[in-house]
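Trainee: Sending over target_25.pdb (PDB, C-alpha atoms).
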ATOM      1  CA  MET A   1      62.381  70.124 150.117  1.00  0.00           C
ATOM      2  CA  ASP A   2      60.467  70.394 153.383  1.00  0.00           C
ATOM      3  CA  GLU A   3      58.931  66.953 154.041  1.00  0.00           C
ATOM      4  CA  ARG A   4      55.690  68.654 155.060  1.00  0.00           C
ATOM      5  CA  LEU A   5      55.228  69.729 151.464  1.00  0.00           C
ATOM      6  CA  GLU A   6      55.982  66.397 149.787  1.00  0.00           C
ATOM      7  CA  HIS A   7      53.182  65.268 147.532  1.00  0.00           C
ATOM      8  CA  PRO A   8      52.481  62.962 144.583  1.00  0.00           C
ATOM      9  CA  VAL A   9      54.079  63.926 141.273  1.00  0.00           C
ATOM     10  CA  PRO A  10      53.036  62.966 137.748  1.00  0.00           C
ATOM     11  CA  VAL A  11      54.876  60.019 136.240  1.00  0.00           C
ATOM     12  CA  ASP A  12      53.025  59.786 132.922  1.00  0.00           C
ATOM     13  CA  VAL A  13      50.568  61.835 130.888  1.00  0.00           C
ATOM     14  CA  LYS A  14      48.922  61.356 127.501  1.00  0.00           C
ATOM     15  CA  ALA A  15      46.501  63.363 125.385  1.00  0.00           C
ATOM     16  CA  CYS A  16      43.041  61.869 124.918  1.00  0.00           C
ATOM     17  CA  SER A  17      40.133  63.131 122.827  1.00  0.00           C
ATOM     18  CA  GLY A  18      39.089  66.756 123.001  1.00  0.00           C
ATOM     19  CA  TYR A  19      40.910  68.617 125.753  1.00  0.00           C
ATOM     20  CA  THR A  20      41.217  65.604 128.022  1.00  0.00           C
ATOM     21  CA  ILE A  21      44.458  64.143 129.351  1.00  0.00           C
ATOM     22  CA  PHE A  22      45.146  60.838 131.064  1.00  0.00           C
ATOM     23  CA  VAL A  23      47.591  61.290 133.914  1.00  0.00           C
ATOM     24  CA  GLU A  24      49.230  58.900 136.361  1.00  0.00           C
ATOM     25  CA  PHE A  25      50.764  60.057 139.643  1.00  0.00           C
ATOM     26  CA  SER A  26      53.492  58.540 141.831  1.00  0.00           C
ATOM     27  CA  ASP A  27      50.957  57.439 144.459  1.00  0.00           C
ATOM     28  CA  GLY A  28      49.054  55.322 141.925  1.00  0.00           C
ATOM     29  CA  GLN A  29      46.201  57.769 141.357  1.00  0.00           C
ATOM     30  CA  ASN A  30      45.372  57.925 137.658  1.00  0.00           C
ATOM     31  CA  GLY A  31      42.597  58.846 135.310  1.00  0.00           C
ATOM     32  CA  GLU A  32      41.312  61.341 132.802  1.00  0.00           C
ATOM     33  CA  VAL A  33      41.079  65.059 133.484  1.00  0.00           C
ATOM     34  CA  ASP A  34      38.983  67.281 131.224  1.00  0.00           C
ATOM     35  CA  LEU A  35      40.701  70.622 130.631  1.00  0.00           C
ATOM     36  CA  SER A  36      38.121  71.959 128.176  1.00  0.00           C
ATOM     37  CA  GLU A  37      37.072  74.742 130.573  1.00  0.00           C
ATOM     38  CA  TRP A  38      40.570  76.207 130.124  1.00  0.00           C
ATOM     39  CA  SER A  39      40.665  75.847 126.329  1.00  0.00           C
ATOM     40  CA  ASN A  40      39.150  79.265 125.582  1.00  0.00           C
ATOM     41  CA  LYS A  41      41.588  81.138 127.807  1.00  0.00           C
ATOM     42  CA  GLU A  42      44.274  83.092 125.996  1.00  0.00           C
ATOM     43  CA  ALA A  43      47.093  81.232 127.769  1.00  0.00           C
ATOM     44  CA  PHE A  44      45.909  77.939 126.295  1.00  0.00           C
ATOM     45  CA  ARG A  45      45.074  79.089 122.747  1.00  0.00           C
ATOM     46  CA  ARG A  46      47.748  76.799 121.226  1.00  0.00           C
ATOM     47  CA  TRP A  47      45.759  73.745 122.372  1.00  0.00           C
ATOM     48  CA  LYS A  48      43.544  74.395 119.332  1.00  0.00           C
ATOM     49  CA  GLU A  49      46.471  72.983 117.307  1.00  0.00           C
ATOM     50  CA  ARG A  50      45.904  69.263 117.930  1.00  0.00           C
ATOM     51  CA  GLU A  51      49.564  68.400 117.394  1.00  0.00           C
ATOM     52  CA  PHE A  52      50.524  70.867 120.129  1.00  0.00           C
ATOM     53  CA  PHE A  53      47.929  69.475 122.571  1.00  0.00           C
ATOM     54  CA  GLU A  54      49.234  65.969 121.892  1.00  0.00           C
ATOM     55  CA  SER A  55      52.770  67.074 122.821  1.00  0.00           C
ATOM     56  CA  VAL A  56      51.771  66.898 126.513  1.00  0.00           C
ATOM     57  CA  HIS A  57      54.474  65.409 128.746  1.00  0.00           C
ATOM     58  CA  VAL A  58      55.904  65.521 132.256  1.00  0.00           C
ATOM     59  CA  ASP A  59      58.815  67.965 132.216  1.00  0.00           C
ATOM     60  CA  ASP A  60      61.995  67.942 134.327  1.00  0.00           C
ATOM     61  CA  ARG A  61      60.294  70.026 137.031  1.00  0.00           C
ATOM     62  CA  LYS A  62      57.423  67.480 137.260  1.00  0.00           C
ATOM     63  CA  ALA A  63      54.979  69.946 135.710  1.00  0.00           C
ATOM     64  CA  ILE A  64      52.522  68.864 133.035  1.00  0.00           C
ATOM     65  CA  ALA A  65      53.787  70.630 129.939  1.00  0.00           C
ATOM     66  CA  TRP A  66      53.176  71.084 126.221  1.00  0.00           C
ATOM     67  CA  GLY A  67      55.622  71.895 123.449  1.00  0.00           C
ATOM     68  CA  ASN A  68      59.338  72.456 123.738  1.00  0.00           C
ATOM     69  CA  ASN A  69      61.404  74.880 125.757  1.00  0.00           C
ATOM     70  CA  GLU A  70      58.731  75.322 128.426  1.00  0.00           C
ATOM     71  CA  ASP A  71      56.165  76.656 125.926  1.00  0.00           C
ATOM     72  CA  LEU A  72      53.259  75.964 128.266  1.00  0.00           C
ATOM     73  CA  ASP A  73      52.840  74.129 131.549  1.00  0.00           C
ATOM     74  CA  VAL A  74      50.380  73.718 134.382  1.00  0.00           C
ATOM     75  CA  CYS A  75      50.998  72.923 138.005  1.00  0.00           C
ATOM     76  CA  ALA A  76      50.677  69.188 138.543  1.00  0.00           C
ATOM     77  CA  ASP A  77      49.143  69.821 141.973  1.00  0.00           C
ATOM     78  CA  THR A  78      46.180  71.498 140.283  1.00  0.00           C
ATOM     79  CA  ILE A  79      45.693  68.505 137.991  1.00  0.00           C
ATOM     80  CA  TYR A  80      46.007  66.123 140.962  1.00  0.00           C
ATOM     81  CA  MET A  81      43.338  68.029 142.876  1.00  0.00           C
ATOM     82  CA  MET A  82      41.039  67.970 139.833  1.00  0.00           C
ATOM     83  CA  LEU A  83      41.590  64.222 139.371  1.00  0.00           C
ATOM     84  CA  THR A  84      41.067  63.260 143.004  1.00  0.00           C
ATOM     85  CA  ASP A  85      38.628  65.996 144.065  1.00  0.00           C
ATOM     86  CA  THR A  86      41.147  66.932 146.754  1.00  0.00           C
ATOM     87  CA  THR A  87      41.524  70.339 148.404  1.00  0.00           C
ATOM     88  CA  VAL A  88      44.807  72.147 149.038  1.00  0.00           C
ATOM     89  CA  GLU A  89      44.381  71.419 152.741  1.00  0.00           C
ATOM     90  CA  GLU A  90      43.967  67.696 152.025  1.00  0.00           C
ATOM     91  CA  LEU A  91      46.926  67.573 149.638  1.00  0.00           C
ATOM     92  CA  PHE A  92      49.175  69.509 151.997  1.00  0.00           C
ATOM     93  CA  PRO A  93      47.783  68.719 155.468  1.00  0.00           C
ATOM     94  CA  ARG A  94      50.767  70.174 157.285  1.00  0.00           C
ATOM     95  CA  LEU A  95      50.897  73.372 155.239  1.00  0.00           C
ATOM     96  CA  GLN A  96      48.846  75.292 157.816  1.00  0.00           C
ATOM     97  CA  GLY A  97      51.395  74.495 160.536  1.00  0.00           C
ATOM     98  CA  LEU A  98      54.275  75.521 158.309  1.00  0.00           C
ATOM     99  CA  MET A  99      52.571  78.815 157.473  1.00  0.00           C
ATOM    100  CA  GLU A 100      51.937  79.487 161.168  1.00  0.00           C
ATOM    101  CA  GLU A 101      55.636  78.840 161.951  1.00  0.00           C
ATOM    102  CA  HIS A 102      56.699  81.526 159.470  1.00  0.00           C
ATOM    103  CA  ALA A 103      54.021  84.119 160.282  1.00  0.00           C
TER     104      ALA A 103
END
Would it be possible to restate this file's structure as structure tokens?

Mentor:
Amino acid sequence: MDERLEHPVPVDVKACSGYTIFVEFSDGQNGEVDLSEWSNKEAFRRWKEREFFESVHVDDRKAIAWGNNEDLDVCADTIYMMLTDTTVEELFPRLQGLMEEHA
């Protein structure tokens, strides 16, 4: 992986009440993230089954996932940005330079 794109990855995640998850990242950032705004989207309809929502885990690709066999996952970077109120530019400060190199 290009070192300019290295970033924190999730190390633990647990379901909390409602559509909230508690997540901990490799850089020590941790806390609850409310995903309720996504709960009415078709892609996340299975969250209505509480047992499925509680199956949240960090998968082998370091995505935040639910169910088995890659049933549903979300990009951990998105969750990190929600948790820390970070922008893409802040999370990947050297991304602009990399994009300019390949333009």

Trainee: Between A:Thr78, A:Ser55, A:Thr87, A:Asn68, single out the one closest to A:Val9, counting only C-alpha atoms.

Mentor: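 Of A:Thr78, A:Ser55, A:Thr87, A:Asn68, the one nearest A:Val9 is A:Thr78, counting only C-alpha atoms.
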
Trainee: Give the answer as one residue: which of A:Phe44, A:Ala65, A:Phe52, A:Leu72 has the shortest atom-to-atom distance to A:Val13, using only C-alpha atoms?

Mentor: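 Looking at the shortest contact to A:Val13, the residue is A:Ala65.
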
Trainee: Determine the nearest neighbour of A:Gln29 from the options A:Asp60, A:Glu89, A:Asp12, A:Asp71, counting only C-alpha atoms.

Mentor: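 Ranking A:Asp60, A:Glu89, A:Asp12, A:Asp71 by distance to A:Gln29, first place goes to A:Asp12.
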
Trainee: So that I can see what lies close to A:Ile64, please list as a list in words the residues with an atom at most 9 Å from it, counting all atoms listed in the file and leaving out residues fewer than 3 positions away in the same chain.

Mentor: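 My reading of the contact set: Pro10, Val13, Val56, His57, Val58, Asp59, Arg61, Leu72, Asp73, Val74, Cys75, Ala76 and Ile79 of chain A.
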
Trainee: For a quick check of your reading of the model, name the residues lying within 6 Å of the coordinate (50.4, 60.2, 137.7), counting all atoms listed in the file, and write them as a list in words.

Mentor: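 Checked against the point, the hits come out as Pro10, Val11, Asp12, Val23, Glu24, Phe25, Ser26 and Asn30 of chain A.
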
Trainee: Using atom CA of A:Val88 and atom CA of A:Phe53 as the two end points, give the distance in Å to one decimal.

Mentor: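 These atoms are spaced 26.8 Å apart.
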